[in-house]
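Okay, structure first, notes after.
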Amino acid sequence: MTHFRKSIVSVLLSLVASAALADASLLNTSYDVARDVYKDYNPLFQKYWKAKSGESLELKQSHGGSSKQVRAVADGLEADVVTMNQANDIEFLAEKGLVAKDWAKKFPNNASPYTSAMVFIVRKGNPKAIKDWSDVAGPGVQVIIPHPKNTGNGRNTYLSAWAWALKQPGGNDAKAQEFLGKLLRNAPLFAAGGRDATTTFMQRKMGDVLITFESEAEMIAKEFGKGEFEVVYPSLTMQTEFPVAVVERVVDKKGTRKQATAYLEYLWSKEGQENAAQNYLRPRDAELLKKYAASFPAVKTFTVDEVFGSANKAFATHFKDGGSFDQIYVAK
Amino acid sequence: MKSTRATQEPAWVRYGLLTVGLGFLFFFLGLPLVAVFVEALAQGVPIYLEALKEPETASAIGLTIGIALAVLPFNIAFGVAAAWAIAKFEFKGKSLLITLIDLPFAVSPVVAGLIFILLFGSQGTFGNWLSEHDIKIIFAVPGMILATLFITFPFIARELIPLMQAQGKDEEEAAVSLGASGFQMFWRVTLPNIKWGLLYGVILSNARAMGEFGAVSVVSGHIRGETNTLPLHVEILYNEYNAIGAFAAASILALLALVTLVAKTIVEWRMKQETEMLNTVLAPEKT
């Protein structure tokens with residue numbers, strides 16, 4: 001109960017002195033299921049940094065919906081680093097001048113230390129025989145996804161299906177849009193977020209297929225049991241990135257640039273990569289990817305940059321007001 | 001011709017209404033409450049206790065209670081002062097003041113939180129000045145206290161205004177004419193008269209302070225172990241697929257609510273007793 005007493009005292013103290021006490025501490029602001037990865041990563045980095053520089057670091061974490069989190073950073077949440085699940089969110093901070101314009105080049109691999117893939121979660125035994133995107137859009141199938149216009153999860157699904165349709169023989173944008181129309185008609189509802197979609201599918205037993213991150217499948221297993229569902233890898237899907245960046249304005253003010261940069265760089269170390277793999281995120285390190293091959297079956301993926309140019313371009317074409325999603329919805 | 005009194009409805013009406021009322025209570029209040037505890041204890045008591053011992057959960061409990069305590073003196077001072085001014089004096093702009101007191105009831109909590117972001121956020125009105133002086137308000141505890149204060153300040157005033165208006169100012173005038181100082185009059189006459197009403201208001205505002213989600217969520221920044229209150233912590237645990245942890249934290253909130261309910265019932269009972277006593281004492285004079 002010491003934490004309990006401590007925080008009561010700290011609340012009362014903060015009334016007297018609201019100025020921040022300066023010490024070597026970093027705040028990592030993340031998306032809402034990032035806890036497990038960084039809970040294990042933080043002690044690894046603390047140990048490494050202690051050995052390297054002799055400093056003991058305090059590492060704090062903030063979690064929430066990705067877009068909400070970057071908005072808080074823009075409004076003054078003093079995050080030294082942001083570790084997100086969408087490039088758009090970091091772009092938003094770059095536009096506001098909090099993150100370097102060339103943030104994606106500050107670290108290897110597009111500043112994304114690990115990746116995941118969009119996969120299908122189907123009911124045990126795959127009763128509707130859902131194998132690929134064409135089956136998801138097929139007759140009599142219900143698909144559960146979060147809203148494509150305002151959730152990262154939903155956008156990834158939308159773009160994955162679009163890219164798959166483009167790559168079919170004779171595929172073009174018009175055909176892809178038509179295919180998405182068919183697929184979206186199979187969605188009885190749009191969930192508010194990833195977690196909400198999972199609850200709809202697993203607990204309320206709605207739908208035949210749920211589309212989500214490969215890494216999230218393991219979290220679903222943790223809560224609902226492994227035998228309850230099967231994971232299906234489509235013939236082509238999106239490699240989702242988890243971009244990271246140093247928040248320039250904050251590290252300059254706090255004098256923590258060195259620590260913050262090292263914190264992110266260490267994500268690419270063997271230890272950092274192995275920790276990602278153990279948390280079901282695909283490591284960039286080829287050797288480790290092979291070592292954990294059982295968790296990460298080979299799957300043909302594309303990146304947003306390859307098919308759509310950039311995350312911002314994809315957003316503008318498909319999800320802005322009047323974009324392809326809105327056109328499909330008006331037509332429907 | 002047989003006449004029926006208003007209280008003598010046919011049996012089917014009475015039982016029908018009773019069933020609807022109780023059924024509603026059961027499905028919308030009873031079941032969810034039970035469900036919280038069932039889910040929290042789904043994997044046994046030891047795991048439940050383990051979930052509560054998580055430093056982040058313990059800190060969320062502490063922060064929630066801490067904020068409620070920090071808000072209390074402000075709410076009492078404001079509530080009593082506002083009720084005093086409105087009930088005992090006539091002045092210009094009184095109805096405007098009453099409207100302003102009700103403002104937090106009308107404004108959505110999320111909007112209330114955003115107001116503080118607009119004022120104290122780094123892109124906000126005072127953002128630069130605060131940042132230059134290294135004072136943190138939002139995304140820190142002071143901002144959360146401010147947001148909670150905004151949401152809860154009407155409760156005590158709203159409770160006291162009708163009470164003080166009903167009591168009138170005769171007793172205070174008598175005290176002053178007998179030579180009491182302002183403070184003596186307040187301490188010996190006014191406060192004893194309003195104490196149960198005040199306590200009732202305190203309990204209501206406290207319950208609201210501990211359960212507040214929207215306004216606090218906007219200004220919190222969700223730093224674990226630092227600016228995460230219980231309601232925020234429940235949401236984040238649930239989103240992380242930590243159902244046991246989420247429901248364990250929710251069960252603490254439910255317990256706090258139950259304690260509030262019991263305290264509220266006791267205070268209501270005492271208030272009723274006191275007015276009845278007063279009425280019997282005053283009854284002969286009134287006729």
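Following the order of the structure tokens, first chain is A, next is B, and so on, with residues numbered from 1 inside each chain and ligands from 1 in the order they appear.
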
Expected answer as a PDB file with N, CA and C atoms, in the first residue's frame: chain B residues within 8 Å of chain A, only C-alpha atoms:
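Done, and the output landed in part_27.pdb:
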ATOM      1  N   LYS B  53      -2.930  -5.465  -6.052  1.00  0.00           N
ATOM      2  CA  LYS B  53      -1.631  -5.093  -5.496  1.00  0.00           C
ATOM      3  C   LYS B  53      -0.706  -4.498  -6.533  1.00  0.00           C
ATOM      4  N   PRO B  55       1.298  -2.149  -8.514  1.00  0.00           N
ATOM      5  CA  PRO B  55       1.600  -0.784  -8.084  1.00  0.00           C
ATOM      6  C   PRO B  55       0.764   0.258  -8.818  1.00  0.00           C
ATOM      7  N   ALA B  58      -2.749   0.299  -7.336  1.00  0.00           N
ATOM      8  CA  ALA B  58      -2.711   0.910  -6.008  1.00  0.00           C
ATOM      9  C   ALA B  58      -2.544   2.420  -6.143  1.00  0.00           C
ATOM     10  N   SER B  59      -1.679   2.835  -7.056  1.00  0.00           N
ATOM     11  CA  SER B  59      -1.463   4.271  -7.231  1.00  0.00           C
ATOM     12  C   SER B  59      -2.715   4.947  -7.777  1.00  0.00           C
ATOM     13  N   ALA B  60      -3.457   4.234  -8.657  1.00  0.00           N
ATOM     14  CA  ALA B  60      -4.702   4.812  -9.192  1.00  0.00           C
ATOM     15  C   ALA B  60      -5.731   5.005  -8.077  1.00  0.00           C
ATOM     16  N   ILE B  61      -5.794   4.038  -7.163  1.00  0.00           N
ATOM     17  CA  ILE B  61      -6.725   4.160  -6.040  1.00  0.00           C
ATOM     18  C   ILE B  61      -6.338   5.369  -5.194  1.00  0.00           C
ATOM     19  N   GLY B  62      -5.043   5.471  -4.892  1.00  0.00           N
ATOM     20  CA  GLY B  62      -4.554   6.589  -4.083  1.00  0.00           C
ATOM     21  C   GLY B  62      -4.842   7.926  -4.739  1.00  0.00           C
ATOM     22  N   LEU B  63      -4.575   7.991  -6.061  1.00  0.00           N
ATOM     23  CA  LEU B  63      -4.775   9.254  -6.780  1.00  0.00           C
ATOM     24  C   LEU B  63      -6.253   9.645  -6.778  1.00  0.00           C
ATOM     25  N   ILE B  65      -8.615   8.883  -4.610  1.00  0.00           N
ATOM     26  CA  ILE B  65      -9.010   9.376  -3.289  1.00  0.00           C
ATOM     27  C   ILE B  65      -8.339  10.715  -3.008  1.00  0.00           C
ATOM     28  N   GLY B  66      -7.075  10.827  -3.391  1.00  0.00           N
ATOM     29  CA  GLY B  66      -6.332  12.069  -3.170  1.00  0.00           C
ATOM     30  C   GLY B  66      -7.005  13.257  -3.855  1.00  0.00           C
ATOM     31  N   ILE B  67      -7.398  13.057  -5.120  1.00  0.00           N
ATOM     32  CA  ILE B  67      -8.043  14.157  -5.853  1.00  0.00           C
ATOM     33  C   ILE B  67      -9.373  14.520  -5.184  1.00  0.00           C
ATOM     34  N   ALA B  70      -8.586  16.525  -2.212  1.00  0.00           N
ATOM     35  CA  ALA B  70      -8.045  17.843  -2.537  1.00  0.00           C
ATOM     36  C   ALA B  70      -9.154  18.795  -2.976  1.00  0.00           C
ATOM     37  N   ILE B 117      -7.652  22.490 -21.573  1.00  0.00           N
ATOM     38  CA  ILE B 117      -6.606  22.338 -22.590  1.00  0.00           C
ATOM     39  C   ILE B 117      -6.446  23.663 -23.346  1.00  0.00           C
ATOM     40  N   GLY B 121      -3.077  24.402 -22.193  1.00  0.00           N
ATOM     41  CA  GLY B 121      -2.305  23.560 -23.103  1.00  0.00           C
ATOM     42  C   GLY B 121      -1.189  24.350 -23.747  1.00  0.00           C
ATOM     43  N   SER B 122      -0.204  23.656 -24.311  1.00  0.00           N
ATOM     44  CA  SER B 122       0.955  24.384 -24.834  1.00  0.00           C
ATOM     45  C   SER B 122       0.560  25.240 -26.037  1.00  0.00           C
ATOM     46  N   GLN B 123      -0.561  24.912 -26.704  1.00  0.00           N
ATOM     47  CA  GLN B 123      -1.026  25.783 -27.785  1.00  0.00           C
ATOM     48  C   GLN B 123      -2.089  26.745 -27.276  1.00  0.00           C
ATOM     49  N   GLY B 124      -2.324  26.723 -25.948  1.00  0.00           N
ATOM     50  CA  GLY B 124      -3.435  27.486 -25.381  1.00  0.00           C
ATOM     51  C   GLY B 124      -3.043  28.879 -24.921  1.00  0.00           C
ATOM     52  N   ASP B 134       7.988  26.795 -16.198  1.00  0.00           N
ATOM     53  CA  ASP B 134       8.059  25.377 -15.854  1.00  0.00           C
ATOM     54  C   ASP B 134       6.972  24.958 -14.861  1.00  0.00           C
ATOM     55  N   ILE B 135       5.779  25.451 -15.097  1.00  0.00           N
ATOM     56  CA  ILE B 135       4.653  25.041 -14.247  1.00  0.00           C
ATOM     57  C   ILE B 135       3.775  24.115 -15.061  1.00  0.00           C
ATOM     58  N   LYS B 136       3.523  22.961 -14.516  1.00  0.00           N
ATOM     59  CA  LYS B 136       2.681  22.012 -15.231  1.00  0.00           C
ATOM     60  C   LYS B 136       1.285  22.030 -14.640  1.00  0.00           C
ATOM     61  N   ILE B 137       0.292  22.255 -15.474  1.00  0.00           N
ATOM     62  CA  ILE B 137      -1.079  22.189 -14.993  1.00  0.00           C
ATOM     63  C   ILE B 137      -1.793  21.012 -15.634  1.00  0.00           C
ATOM     64  N   ILE B 138      -1.936  21.051 -16.959  1.00  0.00           N
ATOM     65  CA  ILE B 138      -2.591  19.891 -17.561  1.00  0.00           C
ATOM     66  C   ILE B 138      -1.568  18.780 -17.799  1.00  0.00           C
ATOM     67  N   PHE B 139      -2.082  17.585 -17.963  1.00  0.00           N
ATOM     68  CA  PHE B 139      -1.291  16.364 -18.026  1.00  0.00           C
ATOM     69  C   PHE B 139      -0.484  16.202 -16.740  1.00  0.00           C
ATOM     70  N   VAL B 141      -1.242  16.449 -12.074  1.00  0.00           N
ATOM     71  CA  VAL B 141      -2.302  16.398 -11.072  1.00  0.00           C
ATOM     72  C   VAL B 141      -3.072  17.719 -10.904  1.00  0.00           C
ATOM     73  N   PRO B 142      -2.396  18.895 -10.932  1.00  0.00           N
ATOM     74  CA  PRO B 142      -3.183  20.130 -10.752  1.00  0.00           C
ATOM     75  C   PRO B 142      -4.323  20.263 -11.766  1.00  0.00           C
ATOM     76  N   GLY B 221      -3.428  12.809 -19.529  1.00  0.00           N
ATOM     77  CA  GLY B 221      -2.188  12.374 -20.171  1.00  0.00           C
ATOM     78  C   GLY B 221      -1.912  10.901 -19.934  1.00  0.00           C
ATOM     79  N   HIS B 222      -2.709  10.268 -19.085  1.00  0.00           N
ATOM     80  CA  HIS B 222      -2.644   8.806 -18.872  1.00  0.00           C
ATOM     81  C   HIS B 222      -1.264   8.281 -18.538  1.00  0.00           C
ATOM     82  N   ILE B 223      -0.514   8.991 -17.704  1.00  0.00           N
ATOM     83  CA  ILE B 223       0.789   8.476 -17.294  1.00  0.00           C
ATOM     84  C   ILE B 223       0.567   7.477 -16.166  1.00  0.00           C
ATOM     85  N   ARG B 224       0.975   6.253 -16.403  1.00  0.00           N
ATOM     86  CA  ARG B 224       0.665   5.198 -15.435  1.00  0.00           C
ATOM     87  C   ARG B 224       1.425   5.420 -14.139  1.00  0.00           C
ATOM     88  N   GLU B 226       1.018   7.754 -12.236  1.00  0.00           N
ATOM     89  CA  GLU B 226       1.194   9.166 -11.940  1.00  0.00           C
ATOM     90  C   GLU B 226      -0.085   9.972 -12.156  1.00  0.00           C
ATOM     91  N   ILE B 236      -8.032   1.534 -19.512  1.00  0.00           N
ATOM     92  CA  ILE B 236      -6.786   1.139 -20.156  1.00  0.00           C
ATOM     93  C   ILE B 236      -6.519  -0.360 -19.937  1.00  0.00           C
ATOM     94  N   ASN B 239      -8.727  -2.265 -22.325  1.00  0.00           N
ATOM     95  CA  ASN B 239      -8.207  -2.215 -23.695  1.00  0.00           C
ATOM     96  C   ASN B 239      -6.982  -3.089 -23.883  1.00  0.00           C
ATOM     97  N   GLU B 240      -6.295  -3.375 -22.789  1.00  0.00           N
ATOM     98  CA  GLU B 240      -5.087  -4.209 -22.888  1.00  0.00           C
ATOM     99  C   GLU B 240      -5.405  -5.687 -22.726  1.00  0.00           C
ATOM    100  N   TYR B 241      -6.674  -6.034 -22.767  1.00  0.00           N
ATOM    101  CA  TYR B 241      -7.088  -7.430 -22.592  1.00  0.00           C
ATOM    102  C   TYR B 241      -6.765  -7.946 -21.201  1.00  0.00           C
ATOM    103  N   ASN B 242      -6.702  -7.060 -20.224  1.00  0.00           N
ATOM    104  CA  ASN B 242      -6.487  -7.489 -18.850  1.00  0.00           C
ATOM    105  C   ASN B 242      -7.826  -7.382 -18.119  1.00  0.00           C
ATOM    106  N   ALA B 243      -8.719  -8.344 -18.405  1.00  0.00           N
ATOM    107  CA  ALA B 243     -10.084  -8.247 -17.886  1.00  0.00           C
ATOM    108  C   ALA B 243     -10.110  -8.327 -16.365  1.00  0.00           C
TER     109      ALA B 243
END

Could you list, as a list in words, every residue within 9 Å of stretch 171-180 of chain B, counting only C-alpha atoms and ignoring same-chain residues fewer than 6 positions away? Phe186, Arg188, Val189 and Thr190 of chain B

Please identify all polymer residues within 12 Å of A:Leu289, counting only C-alpha atoms, omitting same-chain residues fewer than 5 positions from it, and present them as an NGL selection string. :A and (114-116 or 270 or 273-278 or 280-284 or 294-298)

Excluding A:Lys149 and its own-chain neighbours fewer than 3 positions away, which residues fall within 12 Å of it when counting only C-alpha atoms? Please give them as a ChimeraX atom specification. /A:145-146,152-159,190-193,314-326,328-329

Dump as a tab-separated table (two decimals), in the first residue's frame, selection limited to N, CA and C atoms:
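As written to disk, again_31.tsv reads:
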chain	number	residue	atom	x	y	z
A	145	ILE	N	-15.09	-5.40	-38.23
A	145	ILE	CA	-13.91	-4.52	-38.25
A	145	ILE	C	-14.26	-3.20	-37.56
A	146	PRO	N	-13.24	-2.53	-37.02
A	146	PRO	CA	-13.50	-1.18	-36.50
A	146	PRO	C	-13.71	-0.21	-37.66
A	152	GLY	N	-7.10	3.11	-36.73
A	152	GLY	CA	-5.94	2.60	-37.45
A	152	GLY	C	-6.19	1.19	-37.93
A	153	ASN	N	-6.76	0.40	-37.04
A	153	ASN	CA	-7.09	-0.98	-37.33
A	153	ASN	C	-8.01	-1.11	-38.55
A	154	GLY	N	-9.05	-0.29	-38.56
A	154	GLY	CA	-10.01	-0.32	-39.66
A	154	GLY	C	-9.38	0.14	-40.97
A	155	ARG	N	-8.53	1.18	-40.88
A	155	ARG	CA	-7.86	1.67	-42.09
A	155	ARG	C	-6.94	0.61	-42.67
A	156	ASN	N	-6.19	-0.07	-41.79
A	156	ASN	CA	-5.28	-1.10	-42.26
A	156	ASN	C	-6.03	-2.20	-43.00
A	157	THR	N	-7.18	-2.58	-42.45
A	157	THR	CA	-7.99	-3.62	-43.08
A	157	THR	C	-8.44	-3.16	-44.46
A	158	TYR	N	-8.94	-1.95	-44.52
A	158	TYR	CA	-9.45	-1.37	-45.76
A	158	TYR	C	-8.35	-1.36	-46.82
A	159	LEU	N	-7.18	-0.86	-46.43
A	159	LEU	CA	-6.09	-0.73	-47.39
A	159	LEU	C	-5.55	-2.11	-47.81
A	190	PHE	N	-19.74	-1.15	-37.59
A	190	PHE	CA	-18.33	-0.79	-37.46
A	190	PHE	C	-18.05	-0.57	-35.98
A	191	ALA	N	-17.11	-1.34	-35.44
A	191	ALA	CA	-16.79	-1.21	-34.02
A	191	ALA	C	-16.04	0.10	-33.79
A	192	ALA	N	-16.06	0.55	-32.53
A	192	ALA	CA	-15.45	1.84	-32.20
A	192	ALA	C	-13.92	1.77	-32.18
A	193	GLY	N	-13.38	0.57	-31.95
A	193	GLY	CA	-11.93	0.42	-31.91
A	193	GLY	C	-11.58	-1.05	-31.94
A	314	ALA	N	-2.29	7.81	-48.67
A	314	ALA	CA	-3.35	6.81	-48.53
A	314	ALA	C	-4.52	7.42	-47.77
A	315	PHE	N	-4.20	8.18	-46.75
A	315	PHE	CA	-5.25	8.79	-45.94
A	315	PHE	C	-6.07	9.77	-46.78
A	316	ALA	N	-5.35	10.61	-47.53
A	316	ALA	CA	-6.03	11.64	-48.32
A	316	ALA	C	-6.94	11.02	-49.38
A	317	THR	N	-6.46	9.97	-50.05
A	317	THR	CA	-7.24	9.36	-51.13
A	317	THR	C	-8.46	8.61	-50.60
A	318	HIS	N	-8.27	7.94	-49.45
A	318	HIS	CA	-9.32	7.00	-49.04
A	318	HIS	C	-10.17	7.44	-47.85
A	319	PHE	N	-9.59	8.17	-46.91
A	319	PHE	CA	-10.34	8.39	-45.66
A	319	PHE	C	-10.71	9.83	-45.38
A	320	LYS	N	-10.15	10.78	-46.14
A	320	LYS	CA	-10.60	12.16	-45.97
A	320	LYS	C	-12.06	12.26	-46.39
A	321	ASP	N	-12.75	13.34	-45.97
A	321	ASP	CA	-14.14	13.52	-46.40
A	321	ASP	C	-14.19	13.54	-47.93
A	322	GLY	N	-15.08	12.72	-48.48
A	322	GLY	CA	-15.18	12.64	-49.93
A	322	GLY	C	-14.22	11.63	-50.55
A	323	GLY	N	-13.41	10.96	-49.72
A	323	GLY	CA	-12.48	9.95	-50.21
A	323	GLY	C	-13.22	8.68	-50.65
A	324	SER	N	-12.43	7.65	-50.99
A	324	SER	CA	-13.06	6.45	-51.56
A	324	SER	C	-14.04	5.82	-50.57
A	325	PHE	N	-13.71	5.86	-49.28
A	325	PHE	CA	-14.62	5.27	-48.30
A	325	PHE	C	-15.98	5.98	-48.32
A	326	ASP	N	-15.94	7.30	-48.34
A	326	ASP	CA	-17.19	8.07	-48.37
A	326	ASP	C	-17.97	7.79	-49.66
A	328	ILE	N	-18.00	5.06	-51.40
A	328	ILE	CA	-18.65	3.74	-51.26
A	328	ILE	C	-19.86	3.87	-50.37
A	329	TYR	N	-19.72	4.67	-49.34
A	329	TYR	CA	-20.83	4.77	-48.40
A	329	TYR	C	-22.02	5.52	-48.94

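Among the candidates B:Leu17, B:Leu146, B:Val34, B:Ala140, the residue lying nearest to B:Leu255 is B:Val34 (atoms considered: only C-alpha atoms).
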
Go through stretch 6-242 of chain B and collect every residue that DSSP, computed from the backbone, puts in helix (DSSP H, G or I); the answer should be as a ChimeraX atom specification. /B:11-40,45-53,55-88,94-106,109-120,127-132,141-152,154-167,170-177,182-211,214-220,230-239

Shell around B:Ile194 at 8 Å using only C-alpha atoms, local window under 6 positions removed, as a VMD selection string: chain B and resid 160 163 to 164

Excluding stretch 233-243 of chain A and any residue of its chain fewer than 5 positions from it, enumerate the residues within 6 Å of it, using only C-alpha atoms, and give them as number ranges by chain. A: 84-85, 111-112, 115-119, 132, 160, 164, 300-303

If DSSP is run on the backbone, what residues of stretch 87-328 of chain A are strand (DSSP E)? A reply as a PyMOL selection string would be ideal. chain A and resi 114-123+143-146+190-191+209-213+229-232+237-241+244-246+282-283+301-302

Work out how far apart atom CA of B:Ala207 and atom CA of B:Val45 are and give it in Å to one decimal.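 Atom-to-atom, atom CA of B:Ala207 to atom CA of B:Val45, that is 26.5 Å.
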
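When only C-alpha atoms are used to compute distances to A:Lys39, the closest of the residues A:Leu59, A:Ala245, A:Ala51, A:Ala260 turns out to be A:Leu59.
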